[in-house]
Structures are given as structure tokens and as C-alpha cells.
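S.K.: Handing you this structure, nothing more for now.
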Amino acid sequence: MCLNKKILVQIPLLGEKDESDYAKIFIANLSWYADEGDIENELSRFGEIAEILIPKNRSTGKSRGFAFVEFEKNESAKKAVKYNEPILIKGRKIYIQNFRE
């Protein structure tokens, strides 16, 4: 069976503003004991969260100390990145950065 479907993906050109609502951030210095609920409790103040991913160490199963959080709206991610007050999760100050693929 041969499927000859073409999938078109619109990618912003260099210098063109991305108008999408996609918004992912990177969380550094996360406690090994923090879970998705802990992150959601602290970061939902910036907007609705679509997904939280905490990568785990394959051999130990523990958190690798960072996470990715995707918000429903780009504006929510911008608020989180610009927030200047310390955010503590499980007693550790987290650092929030824009996600780069």
C-alpha cells in the first residue's frame, strides 16, 4: 500500500514573528523528588499548562534534575520566563528559560 499524502508545515521565516500559541519552557535545578503536581502547583499561576515532562535516569528512575513545561498560550510562557521572584519546588530554587529545540 502506498500513501502519497503530502503534509504541509508552515515554518516562520527568519525574522518573521511566530504567531502560534505553542509555548514550551525549560526548568533547571529541579529536585529529584519533584513530580508533575509540584511543578503544576507552582507554575499554573502563569497560565494553563498543557504538558509537563520530567526526564528520568534510565538506571535509577530518578529525575535528571530538569523538566519541560508546555503552556496552552505563548503569553503564559513569557510571563514565567520574565518572572523575577524566586520559585521554590521541594525546597530548591528553580531556573526558568525559554525552550530551544
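Labels for the C-alpha cells follow display order: chains A, B, ..., residues from 1 in each chain, ligands from 1.
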As a PyMOL selection string, which residues of range 14-84 of chain A does DSSP assign to helix (DSSP H, G or I)?

M.R.: chain A and resi 36-46+74-82

S.K.: Determine, counting only C-alpha atoms, which protein, DNA and RNA residues have an atom within 9 Å of an atom of Ala67 in chain A; residues of the same chain fewer than 5 positions away are not included. Present the result as a PyMOL selection string.

M.R.: chain A and resi 25-28+30+39+52-55

S.K.: When you draw a straight line from CA of Gln97 in chain A to CA of Asn29 in chain A, how long is it in Å?

M.R.: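 CA of Asn29 in chain A lies 11.4 Å from CA of Gln97 in chain A.
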
S.K.: For Gly37 in chain A, list every protein, DNA or RNA residue within 12 Å, evaluated using only C-alpha atoms, and leave out those in the same chain fewer than 2 positions away; present the list as an NGL selection string.

M.R.: :A and (33-35 or 39-44 or 49 or 51-54 or 69 or 89-90)

S.K.: With distances taken over only C-alpha atoms, which residue among A:Tyr83, A:Trp32, A:Phe99, A:Phe46 lies nearest Arg64 in chain A?

M.R.: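 Counting only C-alpha atoms, the residue closest to Arg64 in chain A is A:Trp32.
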
S.K.: Under the rule that only C-alpha atoms are counted, which of A:Ile96, A:Ser59, A:Ser31, A:Glu36 is the nearest residue to Asn84 in chain A?

M.R.: A:Ile96

S.K.: Which is closest to Ala50 in chain A among A:Ile87, A:Lys79, A:Tyr95, A:Lys73, if we use only C-alpha atoms?

M.R.: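 Of the candidates, the smallest distance to Ala50 in chain A is held by A:Lys73.
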
S.K.: Pick out the closest residue to Phe66 in chain A from this set: A:Ile94, A:Asp38, A:Val81, A:Lys24. Count only C-alpha atoms.

M.R.: A:Ile94

S.K.: Expressed in Å to a single decimal, how great is the separation between CA of Lys56 in chain A and CA of Ala23 in chain A?

M.R.: 22.2 Å

S.K.: Pick out each residue of range 63-93 of chain A that DSSP on the backbone tags as strand (DSSP E); I need them as a list of chain:residue names.

M.R.: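 So the strand (DSSP E) residues in range 63-93 of chain A would be A:Phe66, A:Ala67, A:Phe68, A:Val69, A:Glu70, A:Phe71, A:Leu88, A:Ile89, A:Arg92, A:Lys93.
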
S.K.: Could you write out the selected residues, including C-alpha atoms, as a compact mmCIF listing (two decimals), in the first residue's frame?

M.R.:
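So the final result, stored in out.txt, reads:
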# COMPACT_ATOMS: atom_id res chain seq x y z
CA PHE A 66 15.24 19.33 34.83
CA ALA A 67 11.83 19.45 33.16
CA PHE A 68 9.95 20.80 30.16
CA VAL A 69 6.65 22.58 30.62
CA GLU A 70 4.32 23.42 27.76
CA PHE A 71 1.70 26.10 28.34
CA LEU A 88 10.97 27.04 45.11
CA ILE A 89 9.90 23.47 44.40
CA ARG A 92 15.10 24.15 45.64
CA LYS A 93 15.12 27.35 43.62

S.K.: Quick one: pull the distance between CA of Gly47 in chain A and CA of Lys78 in chain A, Å, one decimal.

M.R.: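 We find that CA of Gly47 in chain A and CA of Lys78 in chain A lie 10.2 Å from each other.
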